[in-house]
Amino acid sequence: MKAAFLMWKNTRMIILAAVCAAIYSSALIAFKTAIPLIPGITEVRVANIFPMVFGMLFGPAGAWGTGIGNLIGDIFGGTLGPTSIPGFLGNFLLGYLPYTMWTTFFPFAERSREWRSERWRSWVSYILIAFISSAACAVVISIAVDALGIVPYAILTKIITFNDTIASWIGVLLFISVYGVTRQQLGLFWADVMDESDIGSPIAGTVGAWLVAMASIFGLLGGMMTGLPTTTIGWVCTLAIIIGSLLL
């Protein structure tokens, strides 16, 4: 989490966050009413090919850009409301968890922040983290929407997770096509832009990664596995996701 705050003193990271927010919000607005799933709440989000790509390429700038971009999309898409706050947090996690879990989610994690297409570990990590970050986003947003009495938690978590996971998996095609250019030619890979001292190394990163993973999966499927109320599961898992994210 250290890099997510210290990036704001880096001019290039701030610019990258603004660019990510502009791209993401533009895509959200353009496809806002294309295929609505729950009018005013969620739709088939073509734009969601971007969050994980932004997070992997631009680190915390991608995370902030995704969260801010979603908020801008709500404002200009006509869906600004109480759900926009959890929407900001959930979309922030879509960009935040990929780059933080990439080197902490053992035994699947990579040892470096780099993407290597020839390594099976990179592909497995991408697939798993895409699902976990999507589920985490779904749990955080859905429990707030349920609390407002808009859409039941158990239904919305499934929709958002499926929607975001598929989009993130498709997004790997975009990621591998621009990774080399972004890092080697443009020099904009987040770990190269930020000072290593500002990035830091989380002491309990692996604990945080697994806490997020377990809370996200249990928040998604816990209602079917236990007799506990889904809302209770949702609140507990949301708290666990937030704590785990702070440890990353």
# chains A, B, ... in the order shown; residues from 1 in each chain; ligands from 1

$ residues_around --residues "region 55-57 of chain A" --least-positions-apart "3" --cutoff "10 Å" --atoms "only C-alpha atoms" --output "PyMOL selection string"
chain A and resi 20+50-52+60-66+92-100+102+113-115+126+175+178-179+182-183+188-191

$ select_by_dssp --residues "region 2-240 of chain A" --states "helix (DSSP H, G or I)" --output "PDB file with C-alpha atoms, in the first residue's frame"
ATOM      1  CA  LYS A   2       3.001   2.290   0.501  1.00  0.00           C
ATOM      2  CA  ALA A   3       3.466   2.936  -3.209  1.00  0.00           C
ATOM      3  CA  ALA A   4      -0.217   3.817  -3.634  1.00  0.00           C
ATOM      4  CA  PHE A   5       0.275   6.881  -1.436  1.00  0.00           C
ATOM      5  CA  LEU A   6       3.839   7.882  -2.271  1.00  0.00           C
ATOM      6  CA  MET A   7       3.145   7.839  -6.022  1.00  0.00           C
ATOM      7  CA  TRP A   8       1.463  11.247  -5.622  1.00  0.00           C
ATOM      8  CA  LYS A   9       4.846  12.925  -5.253  1.00  0.00           C
ATOM      9  CA  THR A  11       4.852  13.770 -11.516  1.00  0.00           C
ATOM     10  CA  ARG A  12       4.974  11.027 -14.134  1.00  0.00           C
ATOM     11  CA  MET A  13       2.862   8.717 -11.985  1.00  0.00           C
ATOM     12  CA  ILE A  14       0.271  11.456 -11.511  1.00  0.00           C
ATOM     13  CA  ILE A  15       0.111  11.979 -15.272  1.00  0.00           C
ATOM     14  CA  LEU A  16      -0.250   8.226 -15.816  1.00  0.00           C
ATOM     15  CA  ALA A  17      -3.110   8.135 -13.301  1.00  0.00           C
ATOM     16  CA  ALA A  18      -4.850  10.947 -15.177  1.00  0.00           C
ATOM     17  CA  VAL A  19      -4.378   9.193 -18.520  1.00  0.00           C
ATOM     18  CA  CYS A  20      -5.727   5.902 -17.126  1.00  0.00           C
ATOM     19  CA  ALA A  21      -8.732   7.708 -15.646  1.00  0.00           C
ATOM     20  CA  ALA A  22      -9.440   9.433 -18.964  1.00  0.00           C
ATOM     21  CA  ILE A  23      -9.236   6.221 -21.001  1.00  0.00           C
ATOM     22  CA  TYR A  24     -11.285   4.162 -18.551  1.00  0.00           C
ATOM     23  CA  SER A  25     -14.011   6.765 -18.047  1.00  0.00           C
ATOM     24  CA  SER A  26     -14.297   7.357 -21.803  1.00  0.00           C
ATOM     25  CA  ALA A  27     -14.746   3.636 -22.433  1.00  0.00           C
ATOM     26  CA  LEU A  28     -17.291   3.344 -19.610  1.00  0.00           C
ATOM     27  CA  ILE A  29     -19.343   6.259 -20.892  1.00  0.00           C
ATOM     28  CA  ALA A  30     -19.208   5.038 -24.489  1.00  0.00           C
ATOM     29  CA  VAL A  46     -16.351  -3.690 -22.242  1.00  0.00           C
ATOM     30  CA  ALA A  47     -14.134  -1.129 -20.507  1.00  0.00           C
ATOM     31  CA  ASN A  48     -13.120  -3.689 -17.906  1.00  0.00           C
ATOM     32  CA  ILE A  49     -10.399  -5.043 -20.141  1.00  0.00           C
ATOM     33  CA  PHE A  50      -8.411  -2.025 -18.871  1.00  0.00           C
ATOM     34  CA  PRO A  51      -8.164  -2.157 -15.022  1.00  0.00           C
ATOM     35  CA  MET A  52      -5.875  -5.169 -14.721  1.00  0.00           C
ATOM     36  CA  VAL A  53      -3.788  -4.015 -17.674  1.00  0.00           C
ATOM     37  CA  PHE A  54      -3.422  -0.570 -16.095  1.00  0.00           C
ATOM     38  CA  GLY A  55      -2.517  -2.089 -12.730  1.00  0.00           C
ATOM     39  CA  MET A  56       0.106  -4.411 -14.190  1.00  0.00           C
ATOM     40  CA  LEU A  57       1.673  -1.686 -16.346  1.00  0.00           C
ATOM     41  CA  PHE A  58       1.334   1.423 -14.209  1.00  0.00           C
ATOM     42  CA  PRO A  60      -0.649   2.465  -8.244  1.00  0.00           C
ATOM     43  CA  ALA A  61      -1.243   4.991 -11.030  1.00  0.00           C
ATOM     44  CA  GLY A  62      -3.386   2.373 -12.759  1.00  0.00           C
ATOM     45  CA  ALA A  63      -5.262   1.650  -9.532  1.00  0.00           C
ATOM     46  CA  TRP A  64      -6.075   5.290  -8.818  1.00  0.00           C
ATOM     47  CA  GLY A  65      -6.841   5.918 -12.477  1.00  0.00           C
ATOM     48  CA  THR A  66      -9.318   3.040 -12.513  1.00  0.00           C
ATOM     49  CA  GLY A  67     -11.073   4.199  -9.350  1.00  0.00           C
ATOM     50  CA  ILE A  68     -11.242   7.833 -10.441  1.00  0.00           C
ATOM     51  CA  GLY A  69     -12.208   6.833 -13.975  1.00  0.00           C
ATOM     52  CA  ASN A  70     -15.156   4.817 -12.674  1.00  0.00           C
ATOM     53  CA  LEU A  71     -16.313   7.819 -10.649  1.00  0.00           C
ATOM     54  CA  ILE A  72     -16.063  10.083 -13.695  1.00  0.00           C
ATOM     55  CA  GLY A  73     -17.971   7.472 -15.691  1.00  0.00           C
ATOM     56  CA  ASP A  74     -20.775   7.583 -13.117  1.00  0.00           C
ATOM     57  CA  ILE A  75     -20.880  11.382 -13.189  1.00  0.00           C
ATOM     58  CA  PHE A  76     -21.092  11.752 -16.950  1.00  0.00           C
ATOM     59  CA  GLY A  77     -22.958   8.489 -17.486  1.00  0.00           C
ATOM     60  CA  SER A  84     -20.477   5.414  -6.574  1.00  0.00           C
ATOM     61  CA  ILE A  85     -18.432   5.366  -3.353  1.00  0.00           C
ATOM     62  CA  PRO A  86     -18.146   1.559  -3.106  1.00  0.00           C
ATOM     63  CA  GLY A  87     -17.829   1.609  -6.892  1.00  0.00           C
ATOM     64  CA  PHE A  88     -14.707   3.740  -6.551  1.00  0.00           C
ATOM     65  CA  LEU A  89     -13.217   1.386  -3.950  1.00  0.00           C
ATOM     66  CA  GLY A  90     -14.107  -1.754  -5.888  1.00  0.00           C
ATOM     67  CA  ASN A  91     -12.623  -0.459  -9.120  1.00  0.00           C
ATOM     68  CA  PHE A  92      -9.538   0.768  -7.273  1.00  0.00           C
ATOM     69  CA  LEU A  93      -9.023  -2.822  -6.116  1.00  0.00           C
ATOM     70  CA  LEU A  94      -9.321  -4.031  -9.719  1.00  0.00           C
ATOM     71  CA  GLY A  95      -6.174  -2.084 -10.506  1.00  0.00           C
ATOM     72  CA  TYR A  96      -4.476  -2.362  -7.107  1.00  0.00           C
ATOM     73  CA  LEU A  97      -4.578  -6.097  -6.428  1.00  0.00           C
ATOM     74  CA  PRO A  98      -2.916  -7.231  -9.695  1.00  0.00           C
ATOM     75  CA  TYR A  99       0.388  -5.432  -9.169  1.00  0.00           C
ATOM     76  CA  THR A 100       0.519  -5.990  -5.399  1.00  0.00           C
ATOM     77  CA  MET A 101      -0.367  -9.701  -5.525  1.00  0.00           C
ATOM     78  CA  TRP A 120       3.851 -20.666 -17.176  1.00  0.00           C
ATOM     79  CA  ARG A 121       3.901 -19.004 -13.753  1.00  0.00           C
ATOM     80  CA  SER A 122       3.154 -15.613 -15.305  1.00  0.00           C
ATOM     81  CA  TRP A 123       0.089 -17.000 -17.064  1.00  0.00           C
ATOM     82  CA  VAL A 124      -1.198 -18.860 -14.011  1.00  0.00           C
ATOM     83  CA  SER A 125      -0.670 -15.804 -11.812  1.00  0.00           C
ATOM     84  CA  TYR A 126      -2.491 -13.572 -14.272  1.00  0.00           C
ATOM     85  CA  ILE A 127      -5.492 -15.906 -14.521  1.00  0.00           C
ATOM     86  CA  LEU A 128      -5.807 -16.401 -10.751  1.00  0.00           C
ATOM     87  CA  ILE A 129      -5.263 -12.770  -9.804  1.00  0.00           C
ATOM     88  CA  ALA A 130      -7.776 -11.640 -12.433  1.00  0.00           C
ATOM     89  CA  PHE A 131     -10.426 -13.819 -10.789  1.00  0.00           C
ATOM     90  CA  ILE A 132      -9.510 -12.828  -7.227  1.00  0.00           C
ATOM     91  CA  SER A 133      -9.416  -9.092  -7.933  1.00  0.00           C
ATOM     92  CA  SER A 134     -12.759  -9.354  -9.750  1.00  0.00           C
ATOM     93  CA  ALA A 135     -14.315 -11.224  -6.826  1.00  0.00           C
ATOM     94  CA  ALA A 136     -12.891  -8.707  -4.339  1.00  0.00           C
ATOM     95  CA  CYS A 137     -14.367  -5.858  -6.370  1.00  0.00           C
ATOM     96  CA  ALA A 138     -17.706  -7.673  -6.504  1.00  0.00           C
ATOM     97  CA  VAL A 139     -17.873  -8.316  -2.750  1.00  0.00           C
ATOM     98  CA  VAL A 140     -17.046  -4.714  -1.805  1.00  0.00           C
ATOM     99  CA  ILE A 141     -19.543  -3.201  -4.231  1.00  0.00           C
ATOM    100  CA  SER A 142     -22.326  -5.744  -3.733  1.00  0.00           C
ATOM    101  CA  ILE A 143     -22.514  -5.525   0.056  1.00  0.00           C
ATOM    102  CA  ALA A 144     -22.958  -1.745  -0.149  1.00  0.00           C
ATOM    103  CA  VAL A 145     -25.582  -2.018  -2.898  1.00  0.00           C
ATOM    104  CA  ASP A 146     -27.398  -4.677  -0.861  1.00  0.00           C
ATOM    105  CA  ALA A 147     -27.311  -2.454   2.242  1.00  0.00           C
ATOM    106  CA  TYR A 153     -25.798  -9.314  -2.511  1.00  0.00           C
ATOM    107  CA  ALA A 154     -25.870 -12.957  -3.616  1.00  0.00           C
ATOM    108  CA  ILE A 155     -27.000 -12.029  -7.122  1.00  0.00           C
ATOM    109  CA  LEU A 156     -24.802  -9.008  -7.750  1.00  0.00           C
ATOM    110  CA  THR A 157     -21.564 -10.654  -6.601  1.00  0.00           C
ATOM    111  CA  LYS A 158     -21.950 -13.367  -9.238  1.00  0.00           C
ATOM    112  CA  ILE A 159     -22.725 -10.883 -12.020  1.00  0.00           C
ATOM    113  CA  ILE A 160     -19.838  -8.525 -11.262  1.00  0.00           C
ATOM    114  CA  THR A 161     -17.316 -11.321 -10.729  1.00  0.00           C
ATOM    115  CA  PHE A 162     -18.193 -13.045 -13.995  1.00  0.00           C
ATOM    116  CA  ASN A 163     -18.279  -9.773 -15.913  1.00  0.00           C
ATOM    117  CA  ASP A 164     -14.941  -8.503 -14.610  1.00  0.00           C
ATOM    118  CA  THR A 165     -13.123 -11.845 -14.747  1.00  0.00           C
ATOM    119  CA  ILE A 166     -13.945 -12.479 -18.399  1.00  0.00           C
ATOM    120  CA  ALA A 167     -12.978  -8.912 -19.312  1.00  0.00           C
ATOM    121  CA  SER A 168      -9.666  -9.209 -17.442  1.00  0.00           C
ATOM    122  CA  TRP A 169      -8.850 -12.505 -19.136  1.00  0.00           C
ATOM    123  CA  ILE A 170      -9.546 -10.974 -22.531  1.00  0.00           C
ATOM    124  CA  GLY A 171      -7.438  -7.989 -21.482  1.00  0.00           C
ATOM    125  CA  VAL A 172      -4.308 -10.157 -21.388  1.00  0.00           C
ATOM    126  CA  LEU A 173      -4.200  -9.845 -25.181  1.00  0.00           C
ATOM    127  CA  LEU A 174      -3.948  -6.071 -24.825  1.00  0.00           C
ATOM    128  CA  PHE A 175      -1.428  -6.415 -22.013  1.00  0.00           C
ATOM    129  CA  ILE A 176       1.057  -8.651 -23.821  1.00  0.00           C
ATOM    130  CA  SER A 177       0.808  -6.501 -26.954  1.00  0.00           C
ATOM    131  CA  VAL A 178       1.766  -3.256 -25.180  1.00  0.00           C
ATOM    132  CA  TYR A 179       3.986  -4.483 -22.321  1.00  0.00           C
ATOM    133  CA  GLY A 180       7.229  -4.426 -24.295  1.00  0.00           C
ATOM    134  CA  VAL A 181       6.544  -1.022 -25.833  1.00  0.00           C
ATOM    135  CA  THR A 182       5.483   0.485 -22.512  1.00  0.00           C
ATOM    136  CA  ARG A 183       8.542  -0.724 -20.645  1.00  0.00           C
ATOM    137  CA  GLN A 184      11.377  -0.829 -23.132  1.00  0.00           C
ATOM    138  CA  GLN A 185      10.538   1.971 -25.560  1.00  0.00           C
ATOM    139  CA  TRP A 190       5.620   1.687 -12.941  1.00  0.00           C
ATOM    140  CA  ALA A 191       8.503  -0.043 -11.130  1.00  0.00           C
ATOM    141  CA  ASP A 192      10.957   1.790 -13.399  1.00  0.00           C
ATOM    142  CA  VAL A 193       9.238   5.152 -12.906  1.00  0.00           C
ATOM    143  CA  GLU A 196      12.499   1.574  -5.079  1.00  0.00           C
ATOM    144  CA  SER A 197      12.397   3.252  -1.662  1.00  0.00           C
ATOM    145  CA  ASP A 198       8.910   4.566  -2.443  1.00  0.00           C
ATOM    146  CA  ILE A 199       7.700   1.144  -3.544  1.00  0.00           C
ATOM    147  CA  GLY A 205       2.519  -9.227   1.854  1.00  0.00           C
ATOM    148  CA  THR A 206       1.887 -12.951   1.489  1.00  0.00           C
ATOM    149  CA  VAL A 207      -0.496 -12.918   4.460  1.00  0.00           C
ATOM    150  CA  GLY A 208      -2.352  -9.991   2.907  1.00  0.00           C
ATOM    151  CA  ALA A 209      -2.545 -11.684  -0.486  1.00  0.00           C
ATOM    152  CA  TRP A 210      -4.002 -14.885   0.936  1.00  0.00           C
ATOM    153  CA  LEU A 211      -6.384 -12.969   3.201  1.00  0.00           C
ATOM    154  CA  VAL A 212      -7.727 -11.118   0.162  1.00  0.00           C
ATOM    155  CA  ALA A 213      -7.923 -14.337  -1.860  1.00  0.00           C
ATOM    156  CA  MET A 214      -9.782 -16.325   0.787  1.00  0.00           C
ATOM    157  CA  ALA A 215     -12.130 -13.469   1.693  1.00  0.00           C
ATOM    158  CA  SER A 216     -12.948 -12.836  -1.968  1.00  0.00           C
ATOM    159  CA  ILE A 217     -13.723 -16.481  -2.703  1.00  0.00           C
ATOM    160  CA  PHE A 218     -15.684 -16.998   0.520  1.00  0.00           C
ATOM    161  CA  GLY A 219     -17.548 -13.745  -0.060  1.00  0.00           C
ATOM    162  CA  LEU A 220     -18.544 -15.031  -3.477  1.00  0.00           C
ATOM    163  CA  LEU A 221     -19.404 -18.635  -2.570  1.00  0.00           C
ATOM    164  CA  GLY A 222     -19.824 -18.627   1.220  1.00  0.00           C
ATOM    165  CA  GLY A 223     -23.592 -18.383   1.085  1.00  0.00           C
ATOM    166  CA  MET A 224     -23.763 -21.650  -0.839  1.00  0.00           C
ATOM    167  CA  MET A 225     -21.252 -23.402   1.415  1.00  0.00           C
ATOM    168  CA  THR A 230     -25.098 -13.780   2.922  1.00  0.00           C
ATOM    169  CA  THR A 231     -25.032 -10.200   4.202  1.00  0.00           C
ATOM    170  CA  THR A 232     -23.065 -11.258   7.285  1.00  0.00           C
ATOM    171  CA  ILE A 233     -20.617 -13.074   5.041  1.00  0.00           C
ATOM    172  CA  GLY A 234     -20.403 -10.024   2.797  1.00  0.00           C
ATOM    173  CA  TRP A 235     -19.549  -7.572   5.575  1.00  0.00           C
ATOM    174  CA  VAL A 236     -16.980  -9.862   7.201  1.00  0.00           C
ATOM    175  CA  CYS A 237     -15.321 -10.595   3.860  1.00  0.00           C
ATOM    176  CA  THR A 238     -15.313  -6.919   2.870  1.00  0.00           C
ATOM    177  CA  LEU A 239     -13.498  -6.059   6.096  1.00  0.00           C
ATOM    178  CA  ALA A 240     -11.020  -8.887   5.488  1.00  0.00           C
TER     179      ALA A 240
END

$ atom_distance --atom1 "CA of Lys32 (chain A)" --atom2 "CA of Gly78 (chain A)"
9.3 Å

$ atom_distance --atom1 "CA of Leu246 (chain A)" --atom2 "CA of Thr83 (chain A)"
22.2 Å

$ atom_distance --atom1 "CA of Ile203 (chain A)" --atom2 "CA of Ser117 (chain A)"
28.3 Å

$ closest_residue --among "A:Leu247, A:Phe106, A:Arg111, A:Met194" --to "Gly59 (chain A)" --atoms "only C-alpha atoms"
A:Met194

$ closest_residue --among "A:Thr226, A:Ile243, A:Arg116, A:Asp195" --to "Asn10 (chain A)" --atoms "only C-alpha atoms"
A:Asp195
